[in-house]
file data-v9.cif (mmCIF, C-alpha atoms)
data_protein
loop_
_atom_site.label_atom_id
_atom_site.label_comp_id
_atom_site.auth_asym_id
_atom_site.auth_seq_id
_atom_site.Cartn_x
_atom_site.Cartn_y
_atom_site.Cartn_z
CA MET A 164 21.82 4.35 4.57
CA ALA A 165 20.41 7.68 5.60
CA GLU A 166 20.68 9.32 2.22
CA ALA A 167 18.22 12.01 1.38
CA ARG A 168 15.76 10.79 -1.20
CA LYS A 169 14.12 13.00 -3.75
CA SER A 170 10.55 13.53 -2.76
CA MET A 171 7.80 16.00 -3.40
CA ILE A 172 4.56 17.13 -1.81
CA LYS A 173 1.98 18.70 -4.09
CA ILE A 174 -1.17 20.41 -2.95
CA LYS A 175 -4.00 20.58 -5.46
CA PRO A 176 -5.56 22.97 -6.32
CA LYS A 177 -2.89 25.62 -5.85
CA LYS A 178 -5.32 28.24 -4.53
CA PHE A 179 -7.56 27.23 -1.67
CA LYS A 180 -9.36 28.64 1.34
CA VAL A 181 -9.78 27.56 4.95
CA GLY A 182 -12.38 24.82 5.04
CA ASP A 183 -11.70 23.58 1.49
CA THR A 184 -10.82 19.98 0.88
CA VAL A 185 -7.53 19.73 -0.99
CA LYS A 186 -5.57 16.84 -2.44
CA VAL A 187 -2.21 16.17 -0.88
CA ASP A 188 0.01 14.21 -3.26
CA PHE A 189 3.25 12.69 -2.12
CA ILE A 190 5.79 11.31 -4.57
CA VAL A 191 9.15 9.80 -3.65
CA ILE A 192 11.95 8.38 -5.79
CA HIS A 193 12.41 4.88 -4.41
CA PRO A 194 13.22 1.53 -6.12
CA MET A 195 10.53 -0.47 -4.23
CA ASP A 196 12.38 -3.76 -4.94
CA THR A 197 10.25 -6.83 -4.36
CA GLY A 198 13.11 -9.22 -3.69
CA LEU A 199 12.26 -11.21 -6.84
CA LYS A 200 14.03 -9.34 -9.61
CA LYS A 201 17.57 -10.05 -10.71
CA ASP A 202 20.14 -7.33 -11.03
CA LYS A 203 20.99 -7.23 -14.75
CA LYS A 204 24.66 -6.41 -14.13
CA THR A 205 25.56 -8.92 -11.44
CA GLY A 206 22.92 -11.62 -12.06
CA LYS A 207 22.15 -11.77 -8.36
CA ILE A 208 18.69 -11.35 -6.93
CA LYS A 209 18.17 -7.88 -5.52
CA PRO A 210 17.04 -7.95 -1.90
CA ALA A 211 13.64 -6.54 -1.05
CA HIS A 212 13.82 -2.82 -0.43
CA PHE A 213 10.61 -0.87 -0.11
CA ILE A 214 8.88 1.79 1.93
CA ASP A 215 6.75 0.18 4.60
CA SER A 216 5.22 3.00 6.56
CA ILE A 217 4.22 6.57 5.85
CA THR A 218 2.74 9.19 8.14
CA PHE A 219 1.13 12.40 6.95
CA SER A 220 0.91 14.99 9.69
CA LEU A 221 -0.21 18.57 10.04
CA ASP A 222 1.74 20.57 12.62
CA GLY A 223 2.94 17.36 14.22
CA LYS A 224 -0.52 15.84 14.48
CA PRO A 225 -0.87 12.79 12.22
CA PHE A 226 -3.96 12.76 10.01
CA THR A 227 -3.20 9.75 7.82
CA THR A 228 -0.99 6.78 8.49
CA MET A 229 -0.20 4.12 5.93
CA LYS A 230 1.29 0.69 5.90
CA VAL A 231 2.68 -0.16 2.50
CA TRP A 232 4.06 -3.31 0.89
CA GLU A 233 6.41 -4.00 -2.00
CA THR A 234 3.42 -4.40 -4.34
CA VAL A 235 3.26 -0.62 -4.70
CA SER A 236 4.98 0.62 -7.87
CA THR A 237 8.50 1.99 -8.20
CA ASN A 238 8.71 5.71 -7.37
CA PRO A 239 5.45 5.51 -5.46
CA TYR A 240 2.74 8.08 -5.45
CA PHE A 241 0.20 8.47 -2.66
CA SER A 242 -2.68 10.86 -2.63
CA VAL A 243 -5.05 11.71 0.21
CA ASN A 244 -7.46 14.51 0.97
CA LEU A 245 -7.14 17.13 3.69
CA LYS A 246 -9.76 19.54 4.96
CA VAL A 247 -7.77 22.71 5.54
CA PRO A 248 -8.22 23.93 9.14
CA GLY A 249 -5.91 26.94 8.71
CA LYS A 250 -2.25 27.73 8.22
CA GLY A 251 0.16 24.98 9.04
CA LYS A 252 2.90 22.69 7.88
CA ILE A 253 2.35 19.31 6.27
CA THR A 254 5.04 16.78 7.10
CA VAL A 255 5.38 13.34 5.54
CA ASP A 256 7.60 10.87 7.38
CA TYR A 257 8.43 7.59 5.71
CA THR A 258 10.43 4.55 6.72
CA ASP A 259 11.56 1.64 4.56
CA ASN A 260 12.23 -1.97 5.43
CA THR A 261 15.97 -1.36 5.82
CA GLY A 262 15.24 1.17 8.55
CA GLU A 263 15.95 4.22 6.44
CA LYS A 264 13.98 7.21 7.71
CA ASN A 265 13.23 10.38 5.80
CA SER A 266 10.78 13.21 5.93
CA LYS A 267 9.56 16.02 3.74
CA SER A 268 7.47 19.01 4.65
CA LYS A 269 5.59 21.79 2.97
CA LYS A 270 3.79 24.86 4.25
CA LEU A 271 0.05 25.06 3.95
CA LYS A 272 -1.00 28.60 3.06
CA PRO A 273 -4.72 29.07 2.60
CA LYS A 274 -5.85 32.37 1.11
CA GLY A 275 -8.89 34.16 2.43
CA MET B 39 24.47 -40.07 12.83
CA LYS B 40 23.05 -43.31 11.55
CA ARG B 41 22.53 -43.67 7.85
CA ARG B 42 18.76 -44.20 8.28
CA ASN B 43 18.30 -41.03 10.31
CA PHE B 44 20.43 -39.08 7.92
CA LEU B 45 18.32 -40.12 4.91
CA LYS B 46 15.13 -39.39 6.80
CA SER B 47 16.23 -35.86 7.61
CA ILE B 48 17.22 -35.19 4.01
CA CYS B 49 13.84 -36.41 2.77
CA ALA B 50 12.01 -34.21 5.23
CA ALA B 51 14.07 -31.17 4.36
CA SER B 52 13.62 -31.57 0.63
CA ALA B 53 9.88 -32.15 1.00
CA VAL B 54 9.53 -28.94 2.95
CA ALA B 55 11.61 -27.06 0.41
CA ALA B 56 9.55 -28.41 -2.48
CA THR B 57 6.24 -27.37 -0.99
CA VAL B 58 7.41 -24.02 0.26
CA SER B 59 9.60 -22.62 -2.47
CA PRO B 60 7.16 -22.00 -5.33
CA SER B 61 4.49 -20.27 -3.31
CA LEU B 62 6.65 -18.47 -0.83
CA LEU B 63 9.25 -16.91 -3.08
CA LEU B 64 8.50 -13.59 -1.47
CA ALA B 65 8.71 -14.88 2.05
CA LYS B 66 12.42 -15.50 1.73
CA ASP B 67 13.11 -11.81 1.74
CA ALA B 68 10.06 -10.88 3.75
CA PRO B 69 10.65 -8.00 6.10
CA LYS B 70 10.25 -8.18 9.82
CA GLY B 71 6.65 -8.43 10.88
CA GLY B 72 5.91 -11.07 8.29
CA ASN B 73 3.86 -10.60 5.17
CA ILE B 74 0.46 -12.11 4.80
CA LEU B 75 0.61 -13.54 1.35
CA SER B 76 -2.65 -14.96 0.10
CA TYR B 77 -5.75 -12.90 -0.49
CA ASP B 78 -7.98 -14.94 1.81
CA ALA B 79 -5.44 -14.77 4.62
CA ALA B 80 -5.07 -11.03 4.15
CA VAL B 81 -8.82 -10.45 4.29
CA ALA B 82 -9.11 -12.63 7.39
CA ALA B 83 -6.28 -10.72 9.05
CA ILE B 84 -7.90 -7.36 8.33
CA THR B 85 -11.50 -8.16 9.19
CA GLY B 86 -10.85 -10.65 11.96
CA GLY B 87 -13.64 -12.88 10.66
CA LYS B 88 -16.27 -10.12 10.40
CA ALA B 89 -18.73 -10.12 7.53
CA VAL B 90 -17.83 -8.06 4.46
CA THR B 91 -20.57 -6.58 2.32
CA ASP B 92 -20.26 -5.38 -1.25
CA SER B 93 -21.20 -1.75 -1.39
CA ALA B 94 -22.00 0.85 -4.04
CA LYS B 95 -20.67 3.55 -1.70
CA ILE B 96 -17.14 2.72 -2.78
CA LYS B 97 -16.04 4.01 -6.15
CA LEU B 98 -12.99 2.10 -7.28
CA THR B 99 -11.26 3.48 -10.35
CA VAL B 100 -8.83 1.18 -12.14
CA PRO B 101 -8.00 0.77 -15.84
CA GLU B 102 -9.82 -2.08 -17.61
CA ILE B 103 -6.67 -3.07 -19.43
CA ALA B 104 -3.23 -2.28 -18.07
CA GLU B 105 -0.48 -2.53 -20.68
CA ASN B 106 2.21 -2.39 -18.05
CA GLY B 107 1.54 -4.32 -14.87
CA ALA B 108 4.30 -2.48 -13.04
CA VAL B 109 2.32 0.74 -12.90
CA VAL B 110 -1.42 0.41 -12.42
CA PRO B 111 -3.18 3.48 -11.04
CA VAL B 112 -5.77 2.75 -8.35
CA LYS B 113 -8.18 5.35 -7.00
CA VAL B 114 -10.64 4.75 -4.18
CA ASN B 115 -13.45 7.14 -3.32
CA VAL B 116 -15.77 6.36 -0.42
CA GLU B 117 -18.96 8.29 0.21
CA SER B 118 -18.89 9.43 3.79
CA PRO B 119 -19.64 12.62 5.76
CA MET B 120 -16.26 12.20 7.54
CA THR B 121 -17.48 13.44 10.91
CA ASP B 122 -16.18 12.17 14.24
CA ALA B 123 -19.16 9.85 14.57
CA ASP B 124 -19.24 8.56 11.01
CA HIS B 125 -16.06 8.41 8.99
CA VAL B 126 -13.92 6.08 6.96
CA LYS B 127 -11.45 4.50 9.34
CA ALA B 128 -9.28 2.61 6.90
CA ILE B 129 -8.92 1.82 3.22
CA HIS B 130 -7.09 -1.39 2.35
CA VAL B 131 -5.97 -1.96 -1.22
CA LEU B 132 -5.61 -5.64 -2.05
CA THR B 133 -5.06 -7.80 -5.11
CA THR B 134 -6.28 -11.35 -5.54
CA LYS B 135 -3.37 -13.13 -7.25
CA ASN B 136 -0.15 -11.27 -6.44
CA GLY B 137 2.49 -13.12 -4.42
CA ASN B 138 1.78 -10.67 -1.65
CA SER B 139 -1.84 -9.63 -1.93
CA ARG B 140 -1.60 -6.57 0.30
CA CYS B 141 -0.67 -3.24 -1.28
CA ALA B 142 -1.51 -0.51 1.17
CA ASP B 143 -3.41 0.03 4.39
CA VAL B 144 -4.46 3.63 4.80
CA MET B 145 -5.75 4.83 8.15
CA LEU B 146 -7.84 7.95 7.73
CA THR B 147 -9.16 10.46 10.26
CA PRO B 148 -12.02 13.00 10.09
CA LEU B 149 -9.39 15.66 9.26
CA ASN B 150 -9.10 14.16 5.78
CA GLY B 151 -12.48 15.59 4.78
CA LYS B 152 -13.12 12.89 2.20
CA GLY B 153 -12.68 9.15 2.02
CA TYR B 154 -10.19 9.27 -0.80
CA PHE B 155 -6.94 7.48 -1.57
CA ALA B 156 -4.95 7.03 -4.75
CA THR B 157 -1.73 5.22 -5.56
CA ARG B 158 -0.06 3.05 -8.19
CA VAL B 159 0.42 -0.67 -7.70
CA LYS B 160 2.18 -3.60 -9.39
CA LEU B 161 0.12 -6.47 -10.78
CA GLY B 162 1.73 -9.81 -11.60
CA GLY B 163 -1.04 -10.79 -14.00
CA THR B 164 -4.71 -10.41 -14.84
CA GLN B 165 -6.60 -10.28 -11.58
CA ASP B 166 -9.00 -8.30 -9.41
CA VAL B 167 -8.11 -5.20 -7.46
CA VAL B 168 -10.07 -5.04 -4.23
CA ALA B 169 -10.78 -2.09 -1.98
CA LEU B 170 -11.71 -3.13 1.54
CA VAL B 171 -13.04 -0.26 3.59
CA GLU B 172 -13.47 -0.16 7.34
CA MET B 173 -16.01 2.35 8.62
CA SER B 174 -15.90 3.94 12.07
CA ASP B 175 -18.82 1.76 13.25
CA GLY B 176 -16.70 -1.33 12.62
CA SER B 177 -18.43 -2.55 9.48
CA PHE B 178 -16.50 -3.63 6.41
CA LEU B 179 -17.38 -2.72 2.84
CA ARG B 180 -15.84 -4.10 -0.29
CA ALA B 181 -15.54 -3.25 -3.97
CA ALA B 182 -13.64 -5.20 -6.59
CA LYS B 183 -12.79 -4.67 -10.24
CA PRO B 184 -10.89 -6.90 -12.66
CA VAL B 185 -7.83 -5.57 -14.47
CA LYS B 186 -6.40 -7.22 -17.58
CA VAL B 187 -2.65 -7.14 -17.57
CA THR B 188 -0.66 -7.62 -20.78
CA ILE B 189 2.82 -7.54 -19.24
CA GLY B 190 3.17 -8.52 -15.59
CA GLY B 191 5.08 -6.25 -13.29
CA CYS B 192 6.08 -8.36 -10.32
CA GLY B 193 8.83 -10.57 -11.75
#
call {"tool": "encode", "arguments": {"input": "data-v9.cif", "output": "structure tokens"}}
result
Amino acid sequence: MAEARKSMIKIKPKKFKVGDTVKVDFIVIHPMDTGLKKDKKTGKIKPAHFIDSITFSLDGKPFTTMKVWETVSTNPYFSVNLKVPGKGKITVDYTDNTGEKNSKSKKLKPKG
Amino acid sequence: MKRRNFLKSICAASAVAATVSPSLLLAKDAPKGGNILSYDAAVAAITGGKAVTDSAKIKLTVPEIAENGAVVPVKVNVESPMTDADHVKAIHVLTTKNGNSRCADVMLTPLNGKGYFATRVKLGGTQDVVALVEMSDGSFLRAAKPVKVTIGGCG
């Protein structure tokens, strides 16, 4: 099940300095099935399939950890703040309830 | 097996099924770890019986009317200096009437700079969205706002 999912990290605003507080948005393409909906083709109930934990880290040091349930929308979006301490790499690791693990990273490049 | 025992066991099984099935539809496919389903149970599990105070420090942004319950944006802003001594430890996003009332638990650190979290949640019907915030001194703050939902998004 270890397929690579489409995901994206956005840092807002695009230009920032050391010491600024920026928004870190994380979006991933994921069905987030609740285990209640029927599959329209087969008529069978789709099993629950959702992301249950997410870790945001900067250079390997976690700064935000999340526990998530199926009540979060399809193709979920999570946004947190980060006070930029300097250059680094933001990594987001996420696991879903089937044990599928993925991660996405983006470089943090403050100017000035 | 005797006929009497057999009937007894069937009765017991069906009674259990009848009481459990409507409310615990989600539990059937619940992941390991077990979901806490009702709102009161979820709050009790988070706070551990501590008092929760309503606070104006939390700014909860939700739409008044959500046309589509499957995608309801929720934004939580908490006023806090975010220093090592005084910061927002966790933001819990809950709903009052969903099958599973918990949406997200977000553990923050002083590195975040601001007590901010945003996401999109599913709402099964018109209900309140609640932000339960744990501060670093162990106190719990709460803010709630009702959302009208025209089409539910949990079925």
call {"tool": "axis_aligned_box", "arguments": {"input": "data-v9.cif", "around": "stretch 175-185 of chain B", "padding_each_side": "5 Å", "output": "AutoDock Vina command-line options"}}
result
--center_x -13.3 --center_y -2.6 --center_z -0.6 --size_x 21.0 --size_y 18.7 --size_z 37.7
call {"tool": "resolve_selection", "arguments": {"input": "data-v9.cif", "expression": "the PyMOL selection byres ((chain A and resi 182) around 12)", "output": "VMD selection string"}}
result
(chain A and resid 179 to 181 183 to 185 245 to 250 273 to 275) or (chain B and resid 149 to 151)
call {"tool": "atom_distance", "arguments": {"input": "data-v9.cif", "atom1": "atom CA of A:Lys224", "atom2": "atom CA of B:Phe155"}}
result
19.2 Å
call {"tool": "residues_around", "arguments": {"input": "data-v9.cif", "residues": "A:Thr254", "least_positions_apart": "6", "cutoff": "12 Å", "atoms": "all atoms listed in the file", "output": "compact mmCIF listing (two decimals) with C-alpha atoms, in the coordinates of the input"}}
result
# COMPACT_ATOMS: atom_id res chain seq x y z
CA SER A 170 10.55 13.53 -2.76
CA MET A 171 7.80 16.00 -3.40
CA ILE A 172 4.56 17.13 -1.81
CA LYS A 173 1.98 18.70 -4.09
CA VAL A 187 -2.21 16.17 -0.88
CA ASP A 188 0.01 14.21 -3.26
CA PHE A 189 3.25 12.69 -2.12
CA ILE A 217 4.22 6.57 5.85
CA THR A 218 2.74 9.19 8.14
CA PHE A 219 1.13 12.40 6.95
CA SER A 220 0.91 14.99 9.69
CA LEU A 221 -0.21 18.57 10.04
CA ASP A 222 1.74 20.57 12.62
CA GLY A 223 2.94 17.36 14.22
CA LYS A 224 -0.52 15.84 14.48
CA PRO A 225 -0.87 12.79 12.22
CA PHE A 226 -3.96 12.76 10.01
CA THR A 227 -3.20 9.75 7.82
CA THR A 228 -0.99 6.78 8.49
CA ASN A 265 13.23 10.38 5.80
CA SER A 266 10.78 13.21 5.93
CA LYS A 267 9.56 16.02 3.74
CA SER A 268 7.47 19.01 4.65
CA LYS A 269 5.59 21.79 2.97
CA LYS A 270 3.79 24.86 4.25
CA LEU A 271 0.05 25.06 3.95
call {"tool": "resolve_selection", "arguments": {"input": "data-v9.cif", "expression": "the PyMOL selection byres ((chain A) within 8 of (chain B))", "output": "ChimeraX atom specification"}}
result
/A:184,197-200,210-211,226-237,239-246,260
call {"tool": "residues_around", "arguments": {"input": "data-v9.cif", "residues": "stretch 185-187 of chain B", "least_positions_apart": "6", "cutoff": "6 Å", "atoms": "all atoms listed in the file", "output": "list in words"}}
result
Glu102, Ile103, Ala104, Glu105, Gly107, Gly163, Thr164, Gln165 and Asp166 of chain B
call {"tool": "atom_distance", "arguments": {"input": "data-v9.cif", "atom1": "atom CA of B:Ile84", "atom2": "atom CA of B:Glu172"}}
result
9.2 Å
call {"tool": "atom_distance", "arguments": {"input": "data-v9.cif", "atom1": "atom CA of A:Phe213", "atom2": "atom CA of B:Gly87"}}
result
29.1 Å
call {"tool": "residues_around", "arguments": {"input": "data-v9.cif", "residues": "A:Lys169", "least_positions_apart": "4", "cutoff": "9 Å", "atoms": "only C-alpha atoms", "output": "list in words"}}
result
Ile190, Val191, Ile192 and His193 of chain A
call {"tool": "resolve_selection", "arguments": {"input": "data-v9.cif", "expression": "the PyMOL selection byres ((chain B and resi 98) around 7)", "output": "list in words"}}
result
Ile96, Lys97, Thr99, Val100, Lys113, Val114, Asn115 and Ala181 of chain B
call {"tool": "residues_around", "arguments": {"input": "data-v9.cif", "residues": "B:Ala182", "least_positions_apart": "4", "cutoff": "7 Å", "atoms": "all atoms listed in the file", "output": "PyMOL selection string"}}
result
chain B and resi 166-169
call {"tool": "decode", "arguments": {"input": "data-v9.cif", "residues": "stretch 215-227 of chain A", "atoms": "N, CA and C atoms", "output": "PDB file, in the first residue's frame"}}
result
ATOM      1  N   ASP A 215      -4.315   9.212  10.222  1.00  0.00           N
ATOM      2  CA  ASP A 215      -4.560   9.369  11.656  1.00  0.00           C
ATOM      3  C   ASP A 215      -3.451  10.085  12.414  1.00  0.00           C
ATOM      4  N   SER A 216      -2.279  10.224  11.831  1.00  0.00           N
ATOM      5  CA  SER A 216      -1.315  11.047  12.554  1.00  0.00           C
ATOM      6  C   SER A 216      -0.383  11.775  11.593  1.00  0.00           C
ATOM      7  N   ILE A 217      -0.047  12.984  11.974  1.00  0.00           N
ATOM      8  CA  ILE A 217       0.780  13.842  11.133  1.00  0.00           C
ATOM      9  C   ILE A 217       1.835  14.491  12.028  1.00  0.00           C
ATOM     10  N   THR A 218       3.054  14.555  11.544  1.00  0.00           N
ATOM     11  CA  THR A 218       4.101  15.237  12.288  1.00  0.00           C
ATOM     12  C   THR A 218       4.785  16.256  11.386  1.00  0.00           C
ATOM     13  N   PHE A 219       4.806  17.493  11.830  1.00  0.00           N
ATOM     14  CA  PHE A 219       5.547  18.543  11.137  1.00  0.00           C
ATOM     15  C   PHE A 219       6.883  18.661  11.842  1.00  0.00           C
ATOM     16  N   SER A 220       7.983  18.562  11.101  1.00  0.00           N
ATOM     17  CA  SER A 220       9.259  18.765  11.778  1.00  0.00           C
ATOM     18  C   SER A 220      10.178  19.666  10.979  1.00  0.00           C
ATOM     19  N   LEU A 221      11.067  20.314  11.683  1.00  0.00           N
ATOM     20  CA  LEU A 221      12.049  21.199  11.078  1.00  0.00           C
ATOM     21  C   LEU A 221      13.423  20.619  11.372  1.00  0.00           C
ATOM     22  N   ASP A 222      14.126  20.221  10.344  1.00  0.00           N
ATOM     23  CA  ASP A 222      15.434  19.566  10.478  1.00  0.00           C
ATOM     24  C   ASP A 222      15.374  18.389  11.446  1.00  0.00           C
ATOM     25  N   GLY A 223      14.331  17.602  11.329  1.00  0.00           N
ATOM     26  CA  GLY A 223      14.213  16.398  12.152  1.00  0.00           C
ATOM     27  C   GLY A 223      13.668  16.626  13.535  1.00  0.00           C
ATOM     28  N   LYS A 224      13.433  17.889  13.899  1.00  0.00           N
ATOM     29  CA  LYS A 224      12.913  18.172  15.238  1.00  0.00           C
ATOM     30  C   LYS A 224      11.432  18.514  15.119  1.00  0.00           C
ATOM     31  N   PRO A 225      10.540  17.673  15.649  1.00  0.00           N
ATOM     32  CA  PRO A 225       9.117  17.945  15.473  1.00  0.00           C
ATOM     33  C   PRO A 225       8.674  19.224  16.181  1.00  0.00           C
ATOM     34  N   PHE A 226       7.894  20.040  15.480  1.00  0.00           N
ATOM     35  CA  PHE A 226       7.341  21.229  16.129  1.00  0.00           C
ATOM     36  C   PHE A 226       5.830  21.183  16.266  1.00  0.00           C
ATOM     37  N   THR A 227       5.169  20.335  15.510  1.00  0.00           N
ATOM     38  CA  THR A 227       3.722  20.154  15.676  1.00  0.00           C
ATOM     39  C   THR A 227       3.390  18.693  15.385  1.00  0.00           C
TER      40      THR A 227
END
